[in-house]
Amino acid sequence: MPLDFSLPLARLKLLRSGTVMVRDDPAVLRVEGPGALTCLQGLLTQDLAAPGDDSLVYGAVLTPKGMVIADAWVLREETGFILVFDSGARTAMLALLSRTLPPRLARTIDLSDSWAAIWMIGGTAPERLARALGREVPGAGKVLRTGPAGPILAGGTEPAPFRVLCLGPTADLDAIAASFPAGTACCGHQSDLAAARVLAGWPTLNREIDEKTLPQEVRFEEIGGVSYTKGCYTGQETVARVHFRGHVNRTLRGVVLEGAEPPEDRVLKAGAKDVGRLATALILEDRVLGLALVRREVENGAMLRAGERQARVVALPFGDVS
């Protein structure tokens with residue numbers, strides 16, 4: 001279903017250059033055992049082996065035909081892997097891992113009910129988190145556990161819509177949130193996280209991603225979600241064929257509409273032809289920024305129509321929209 005939400009321009013500036021922390025309850029699954037790496041390598045689109053221990057990567061789990069089941073952030077530690085999914089993917093992923101992981105090689109532990117996440121957004125987030133905790137925070141793509149049983153910190157990679165992910169038992173995350181001096185960080189909402197995703201051109205499950213979506217349609221190549229050098233994984237044949245021999249017919253693009261309301265008609269047209277559909281709309285004070293799957297032949301800069309409104313197609317991520 002489409003998601004529309006409003007954001008004041010002052011809040012937008014804070015997401016770009018301030019510190020916003022958004023509490024979240026994603027699906028959190030731990031996979032451990034002697035064959036955990038090999039088993040997960042056969043499922044995820046991104047390489048887990050090359051980055052080594054204490055690394056963070058982003059990828060997807062696919063159907064045999066190469067369609068996205070769920071996307072995930074994967075934290076690799078010496079003793080296992082922690083997979084962070086959208087909460088809506090929890091049931092499907094538990095069933096898939098139960099079906100595909102041999103118990104003698106890897107086991108899955110569902111931490112979703114006892115763990116939570118804080119997504120740290122904004123240019124000053126790493127520095128202010130380090131001050132609040134009194135310790136260094138990991139750089140991009142790196143993972144740091146703060147104690148034997150303490151929360152885990154992971155540095156967002158360059159295209160990601162967050163700067164640091166804090167993950168761990170709920171009480172530990174409450175302590176992290178409470179450690180910020182007054183006025184140094186803003187307690188955000190799900191709309192802040194959604195806005196950060198839109199600005200970064202980041203697809204979201206059940207919005208831009210559905211059961212018929214291929215990874216290349218929703219920018220997985222651009223955001224570091226696909227490896228073409230790792231070994232085989234479920235759905236790889238389709239992904240590789242598209243990359244080396246063909247192309248997808250639609251791609252995730254940004255659209256900009258003047259006016260502070262989303263269009264009633266989500267279908268994007270070039271003349272009389274349907275060429276896309278608006279999925280998510282970020283409503284600013286004087287315009288709407290949207291994510292839409294648009295036909296490949298439509299060039300960036302093209303003017304389309306959404307009902308009676310004009311919609312300009314732009315490349316992702318969005319640039320300066322202040």
# chains A, B, ... in the order shown; residues from 1 in each chain; ligands from 1

$ select_by_dssp --residues "segment 36-245 of chain A" --states "strand (DSSP E)" --output "compact mmCIF listing (two decimals) with C-alpha atoms, in the first residue's frame"
# COMPACT_ATOMS: atom_id res chain seq x y z
CA SER A 55 31.01 -6.20 9.23
CA LEU A 56 27.63 -4.91 8.07
CA VAL A 57 26.21 -5.65 4.64
CA TYR A 58 22.86 -5.16 2.93
CA GLY A 59 21.17 -7.64 0.64
CA ALA A 60 18.03 -9.57 -0.14
CA VAL A 61 16.62 -13.06 0.02
CA LEU A 62 15.02 -14.15 -3.25
CA VAL A 68 12.59 -10.30 -3.60
CA ILE A 69 11.14 -12.01 -0.52
CA ALA A 70 12.72 -9.59 1.95
CA ASP A 71 15.68 -7.24 2.25
CA ALA A 72 17.98 -7.32 5.26
CA TRP A 73 20.88 -5.71 7.05
CA VAL A 74 23.25 -8.47 8.14
CA LEU A 75 25.71 -7.99 11.02
CA ARG A 76 28.52 -10.52 11.05
CA GLU A 77 30.24 -11.38 14.31
CA GLY A 80 27.30 -15.77 14.20
CA PHE A 81 25.11 -13.45 12.16
CA ILE A 82 22.31 -11.10 13.10
CA LEU A 83 19.75 -10.40 10.40
CA VAL A 84 17.54 -7.32 10.61
CA PHE A 85 14.36 -7.42 8.50
CA ARG A 107 20.22 -22.71 13.86
CA THR A 108 17.99 -19.65 13.98
CA ILE A 109 17.15 -17.74 17.17
CA ASP A 110 14.28 -15.25 17.00
CA TRP A 115 15.40 -6.79 20.99
CA ALA A 116 14.80 -3.41 19.37
CA ALA A 117 16.65 -0.98 17.12
CA ILE A 118 17.53 2.70 17.10
CA TRP A 119 18.32 4.16 13.69
CA MET A 120 20.63 7.16 14.08
CA ILE A 121 20.01 9.61 11.21
CA VAL A 143 30.16 -3.58 13.64
CA LEU A 144 31.08 -3.07 17.30
CA ARG A 145 29.61 -4.86 20.31
CA ILE A 152 25.66 -3.71 19.05
CA LEU A 153 26.55 -0.65 16.98
CA ALA A 154 26.82 -0.81 13.19
CA GLY A 155 27.96 2.00 10.89
CA VAL A 164 24.53 4.23 12.85
CA LEU A 165 22.30 1.31 13.78
CA CYS A 166 22.01 0.52 17.50
CA LEU A 167 20.67 -2.97 18.09
CA GLY A 168 20.12 -4.98 21.26
CA PRO A 169 17.88 -5.81 24.20
CA CYS A 186 15.91 14.60 18.50
CA CYS A 187 13.64 11.66 19.25

$ select_by_dssp --residues "segment 49-298 of chain A" --states "helix (DSSP H, G or I)" --output "VMD selection string"
chain A and resid 87 to 100 125 to 133 170 to 178 190 to 200 215 to 218 236 to 245

$ closest_residue --among "A:Gly259, A:Gly134, A:Gly319, A:Gly66" --to "Leu44 of chain A" --atoms "only C-alpha atoms"
A:Gly66

$ closest_residue --among "A:Thr124, A:Thr234, A:Thr229, A:Ser191" --to "Ala50 of chain A" --atoms "only C-alpha atoms"
A:Thr229

$ closest_residue --among "A:Glu264, A:Glu222, A:Glu211, A:Asp192" --to "Leu7 of chain A" --atoms "only C-alpha atoms"
A:Asp192

$ atom_distance --atom1 "atom CA of Arg90 of chain A" --atom2 "atom CA of Val239 of chain A"
23.9 Å

$ atom_distance --atom1 "atom CA of Ala272 of chain A" --atom2 "atom CA of Ala315 of chain A"
23.2 Å

$ residues_around --residues "segment 212-215 of chain A" --least-positions-apart "6" --cutoff "12 Å" --atoms "only C-alpha atoms" --output "JSON, numbers by chain"
{"A": [44, 45, 46, 59, 60, 61, 62, 63, 64, 65, 66, 67, 68, 69, 70, 71, 202, 203, 204, 205, 206, 221, 222, 223, 224, 225, 226, 227, 235, 236, 237, 238, 239, 240, 241, 242, 243, 247, 248, 249, 250, 251, 252, 293]}

$ write_last_selection --atoms "N, CA and C atoms" --output "short mmCIF file (atom, residue, chain, number, x, y, z; two decimals), in the first residue's frame"
data_model
loop_
_atom_site.label_atom_id
_atom_site.label_comp_id
_atom_site.auth_asym_id
_atom_site.auth_seq_id
_atom_site.Cartn_x
_atom_site.Cartn_y
_atom_site.Cartn_z
N LEU A 44 21.66 -15.11 0.48
CA LEU A 44 21.68 -13.65 0.38
C LEU A 44 22.32 -13.19 -0.92
N THR A 45 21.82 -12.09 -1.48
CA THR A 45 22.36 -11.56 -2.73
C THR A 45 23.72 -10.91 -2.57
N GLN A 46 24.07 -10.49 -1.35
CA GLN A 46 25.36 -9.84 -1.12
C GLN A 46 26.34 -10.81 -0.49
N GLY A 59 21.50 -6.77 1.76
CA GLY A 59 21.17 -7.64 0.64
C GLY A 59 19.74 -8.09 0.73
N ALA A 60 19.40 -9.08 -0.09
CA ALA A 60 18.03 -9.57 -0.14
C ALA A 60 18.02 -11.09 -0.21
N VAL A 61 16.90 -11.64 0.19
CA VAL A 61 16.62 -13.06 0.02
C VAL A 61 15.58 -13.18 -1.09
N LEU A 62 15.83 -14.07 -2.04
CA LEU A 62 15.02 -14.15 -3.25
C LEU A 62 14.30 -15.49 -3.39
N THR A 63 13.28 -15.49 -4.21
CA THR A 63 12.65 -16.74 -4.63
C THR A 63 13.55 -17.40 -5.67
N PRO A 64 13.33 -18.67 -6.01
CA PRO A 64 14.13 -19.30 -7.07
C PRO A 64 14.06 -18.56 -8.40
N LYS A 65 12.99 -17.79 -8.63
CA LYS A 65 12.85 -17.04 -9.87
C LYS A 65 13.45 -15.63 -9.76
N GLY A 66 14.09 -15.33 -8.64
CA GLY A 66 14.80 -14.07 -8.51
C GLY A 66 13.98 -12.91 -7.99
N MET A 67 12.78 -13.16 -7.46
CA MET A 67 11.96 -12.09 -6.91
C MET A 67 12.31 -11.88 -5.43
N VAL A 68 12.22 -10.64 -4.97
CA VAL A 68 12.59 -10.30 -3.60
C VAL A 68 11.55 -10.79 -2.61
N ILE A 69 11.99 -11.60 -1.64
CA ILE A 69 11.14 -12.01 -0.52
C ILE A 69 11.25 -10.97 0.59
N ALA A 70 12.47 -10.59 0.91
CA ALA A 70 12.72 -9.59 1.95
C ALA A 70 14.13 -9.06 1.78
N ASP A 71 14.33 -7.81 2.21
CA ASP A 71 15.68 -7.24 2.25
C ASP A 71 16.14 -7.19 3.69
N TRP A 202 15.76 4.72 -1.21
CA TRP A 202 15.87 3.37 -0.66
C TRP A 202 14.52 2.67 -0.71
N PRO A 203 14.42 1.50 -1.33
CA PRO A 203 13.13 0.81 -1.43
C PRO A 203 12.71 0.21 -0.09
N THR A 204 11.41 0.04 0.08
CA THR A 204 10.86 -0.50 1.31
C THR A 204 9.91 -1.65 0.98
N LEU A 205 9.99 -2.71 1.76
CA LEU A 205 9.13 -3.87 1.56
C LEU A 205 7.66 -3.47 1.68
N ASN A 206 6.86 -4.01 0.76
CA ASN A 206 5.41 -3.77 0.69
C ASN A 206 5.06 -2.34 0.26
N GLU A 221 21.61 -2.71 -7.16
CA GLU A 221 22.99 -2.55 -7.65
C GLU A 221 23.60 -1.25 -7.15
N GLU A 222 22.84 -0.16 -7.20
CA GLU A 222 23.35 1.15 -6.80
C GLU A 222 23.58 1.26 -5.30
N ILE A 223 22.77 0.59 -4.49
CA ILE A 223 22.87 0.75 -3.04
C ILE A 223 23.69 -0.38 -2.39
N GLY A 224 24.35 -1.17 -3.20
CA GLY A 224 25.26 -2.18 -2.66
C GLY A 224 24.59 -3.43 -2.16
N GLY A 225 23.47 -3.81 -2.76
CA GLY A 225 22.74 -4.97 -2.29
C GLY A 225 22.95 -6.24 -3.08
N VAL A 226 23.80 -6.20 -4.13
CA VAL A 226 24.00 -7.37 -4.98
C VAL A 226 25.49 -7.55 -5.25
N SER A 227 25.96 -8.78 -5.15
CA SER A 227 27.33 -9.12 -5.54
C SER A 227 27.28 -10.01 -6.78
N GLY A 235 18.06 -17.77 -6.62
CA GLY A 235 17.64 -16.67 -7.49
C GLY A 235 18.75 -16.04 -8.29
N GLN A 236 19.99 -16.51 -8.11
CA GLN A 236 21.14 -15.87 -8.76
C GLN A 236 21.06 -15.93 -10.28
N GLU A 237 20.54 -17.02 -10.82
CA GLU A 237 20.51 -17.18 -12.27
C GLU A 237 19.75 -16.03 -12.93
N THR A 238 18.59 -15.69 -12.37
CA THR A 238 17.81 -14.59 -12.93
C THR A 238 18.53 -13.27 -12.77
N VAL A 239 19.08 -13.01 -11.59
CA VAL A 239 19.77 -11.75 -11.32
C VAL A 239 20.97 -11.59 -12.26
N ALA A 240 21.74 -12.64 -12.44
CA ALA A 240 22.91 -12.57 -13.32
C ALA A 240 22.51 -12.40 -14.78
N ARG A 241 21.45 -13.09 -15.18
CA ARG A 241 21.01 -12.98 -16.58
C ARG A 241 20.58 -11.55 -16.90
N VAL A 242 19.85 -10.92 -15.98
CA VAL A 242 19.43 -9.54 -16.19
C VAL A 242 20.65 -8.62 -16.29
N HIS A 243 21.63 -8.85 -15.41
CA HIS A 243 22.81 -7.97 -15.36
C HIS A 243 23.70 -8.12 -16.59
N HIS A 247 18.08 -6.50 -19.37
CA HIS A 247 17.77 -5.32 -18.57
C HIS A 247 16.36 -5.50 -17.99
N VAL A 248 16.06 -4.72 -16.97
CA VAL A 248 14.71 -4.72 -16.42
C VAL A 248 13.88 -3.68 -17.17
N ASN A 249 12.57 -3.84 -17.14
CA ASN A 249 11.70 -2.95 -17.88
C ASN A 249 11.27 -1.72 -17.09
N ARG A 250 11.52 -1.74 -15.79
CA ARG A 250 11.15 -0.60 -14.94
C ARG A 250 12.23 -0.42 -13.88
N THR A 251 12.39 0.80 -13.43
CA THR A 251 13.39 1.08 -12.40
C THR A 251 12.83 2.08 -11.40
N LEU A 252 13.36 2.03 -10.18
CA LEU A 252 12.93 2.94 -9.14
C LEU A 252 13.51 4.32 -9.41
N LEU A 293 8.11 3.37 -9.43
CA LEU A 293 8.68 2.45 -10.42
C LEU A 293 8.23 2.94 -11.79
#

$ closest_residue --among "A:Arg23, A:Pro8, A:Val137, A:Arg296" --to "Ala177 of chain A" --atoms "only C-alpha atoms"
A:Arg23

$ closest_residue --among "A:Phe318, A:Gly301, A:Pro151, A:Arg16" --to "Ala171 of chain A" --atoms "only C-alpha atoms"
A:Pro151

$ closest_residue --among "A:Thr79, A:Ser6, A:Gln216, A:Ser98" --to "Ala195 of chain A" --atoms "only C-alpha atoms"
A:Ser6

$ residues_around --residues "Ala260 of chain A" --least-positions-apart "4" --cutoff "7 Å" --atoms "only C-alpha atoms" --output "CSV table (one decimal) with N, CA and C atoms, in the first residue's frame"
chain,number,residue,atom,x,y,z
A,283,ILE,N,5.6,14.5,1.7
A,283,ILE,CA,4.9,15.8,1.5
A,283,ILE,C,5.7,16.9,2.2
A,284,LEU,N,6.3,17.8,1.5
A,284,LEU,CA,6.9,18.9,2.1
A,284,LEU,C,6.0,20.1,2.1
A,285,GLU,N,6.5,21.3,2.4
A,285,GLU,CA,5.6,22.4,2.5
A,285,GLU,C,5.1,23.0,1.2
A,286,ASP,N,5.9,22.7,0.1
A,286,ASP,CA,5.5,23.3,-1.2
A,286,ASP,C,5.7,22.3,-2.3
A,287,ARG,N,6.0,21.1,-2.0
A,287,ARG,CA,6.1,20.1,-3.1
A,287,ARG,C,6.0,18.7,-2.5
A,288,VAL,N,6.0,17.7,-3.4
A,288,VAL,CA,5.9,16.3,-3.0
A,288,VAL,C,7.1,15.6,-3.6

$ residues_around --residues "Ser87 of chain A" --least-positions-apart "4" --cutoff "10 Å" --atoms "only C-alpha atoms" --output "VMD selection string"
chain A and resid 24 to 28 91 112 205

$ decode --residues "segment 71-100 of chain A" --atoms "N, CA and C atoms" --output "CSV table (one decimal), in the first residue's frame"
chain,number,residue,atom,x,y,z
A,71,ASP,N,14.3,-7.8,2.2
A,71,ASP,CA,15.7,-7.2,2.2
A,71,ASP,C,16.1,-7.2,3.7
A,72,ALA,N,17.4,-7.2,3.9
A,72,ALA,CA,18.0,-7.3,5.3
A,72,ALA,C,19.3,-6.6,5.4
A,73,TRP,N,19.5,-6.1,6.6
A,73,TRP,CA,20.9,-5.7,7.1
A,73,TRP,C,21.4,-6.9,7.8
A,74,VAL,N,22.6,-7.3,7.5
A,74,VAL,CA,23.2,-8.5,8.1
A,74,VAL,C,24.5,-8.1,8.9
A,75,LEU,N,24.5,-8.3,10.2
A,75,LEU,CA,25.7,-8.0,11.0
A,75,LEU,C,26.5,-9.3,11.2
A,76,ARG,N,27.7,-9.3,10.9
A,76,ARG,CA,28.5,-10.5,11.1
A,76,ARG,C,29.4,-10.4,12.2
A,77,GLU,N,29.3,-11.3,13.2
A,77,GLU,CA,30.2,-11.4,14.3
A,77,GLU,C,31.0,-12.7,14.2
A,78,GLU,N,32.0,-12.8,15.1
A,78,GLU,CA,32.8,-14.1,15.1
A,78,GLU,C,31.9,-15.3,15.4
A,79,THR,N,30.9,-15.1,16.2
A,79,THR,CA,30.1,-16.2,16.7
A,79,THR,C,28.8,-16.4,15.9
A,80,GLY,N,28.5,-15.6,14.9
A,80,GLY,CA,27.3,-15.8,14.2
A,80,GLY,C,26.9,-14.5,13.5
A,81,PHE,N,25.7,-14.5,13.0
A,81,PHE,CA,25.1,-13.5,12.2
A,81,PHE,C,23.8,-13.0,12.8
A,82,ILE,N,23.6,-11.7,12.7
A,82,ILE,CA,22.3,-11.1,13.1
A,82,ILE,C,21.7,-10.5,11.9
A,83,LEU,N,20.5,-10.9,11.6
A,83,LEU,CA,19.8,-10.4,10.4
A,83,LEU,C,18.6,-9.5,10.8
A,84,VAL,N,18.6,-8.3,10.3
A,84,VAL,CA,17.5,-7.3,10.6
A,84,VAL,C,16.6,-7.1,9.4
A,85,PHE,N,15.4,-7.5,9.6
A,85,PHE,CA,14.4,-7.4,8.5
A,85,PHE,C,13.2,-6.5,8.9
A,86,ASP,N,12.5,-6.0,7.9
A,86,ASP,CA,11.2,-5.4,8.2
A,86,ASP,C,10.3,-6.3,9.0
A,87,SER,N,9.6,-5.8,10.0
A,87,SER,CA,8.8,-6.7,10.9
A,87,SER,C,7.8,-7.5,10.1
A,88,GLY,N,7.4,-7.0,9.0
A,88,GLY,CA,6.4,-7.7,8.2
A,88,GLY,C,7.0,-9.0,7.5
A,89,ALA,N,8.3,-9.1,7.5
A,89,ALA,CA,8.9,-10.3,6.9
A,89,ALA,C,9.3,-11.4,7.9
A,90,ARG,N,8.9,-11.1,9.2
A,90,ARG,CA,9.4,-12.1,10.2
A,90,ARG,C,8.8,-13.5,10.0
A,91,THR,N,7.6,-13.6,9.8
A,91,THR,CA,7.0,-15.0,9.6
A,91,THR,C,7.6,-15.7,8.4
A,92,ALA,N,7.6,-15.0,7.3
A,92,ALA,CA,8.1,-15.6,6.1
A,92,ALA,C,9.6,-16.0,6.2
A,93,MET,N,10.4,-15.2,6.9
A,93,MET,CA,11.8,-15.5,7.0
A,93,MET,C,12.1,-16.6,8.0
A,94,LEU,N,11.3,-16.7,9.1
A,94,LEU,CA,11.4,-17.8,10.0
A,94,LEU,C,11.1,-19.1,9.3
A,95,ALA,N,10.0,-19.1,8.5
A,95,ALA,CA,9.6,-20.3,7.8
A,95,ALA,C,10.7,-20.7,6.8
A,96,LEU,N,11.3,-19.7,6.1
A,96,LEU,CA,12.3,-20.0,5.0
A,96,LEU,C,13.5,-20.6,5.7
A,97,LEU,N,14.0,-19.9,6.8
A,97,LEU,CA,15.2,-20.4,7.4
A,97,LEU,C,15.0,-21.8,8.0
A,98,SER,N,13.9,-22.0,8.6
A,98,SER,CA,13.6,-23.3,9.2
A,98,SER,C,13.6,-24.4,8.1
A,99,ARG,N,13.1,-24.0,6.9
A,99,ARG,CA,13.0,-25.0,5.8
A,99,ARG,C,14.4,-25.3,5.1
A,100,THR,N,15.3,-24.2,5.1
A,100,THR,CA,16.5,-24.4,4.3
A,100,THR,C,17.8,-24.6,5.1
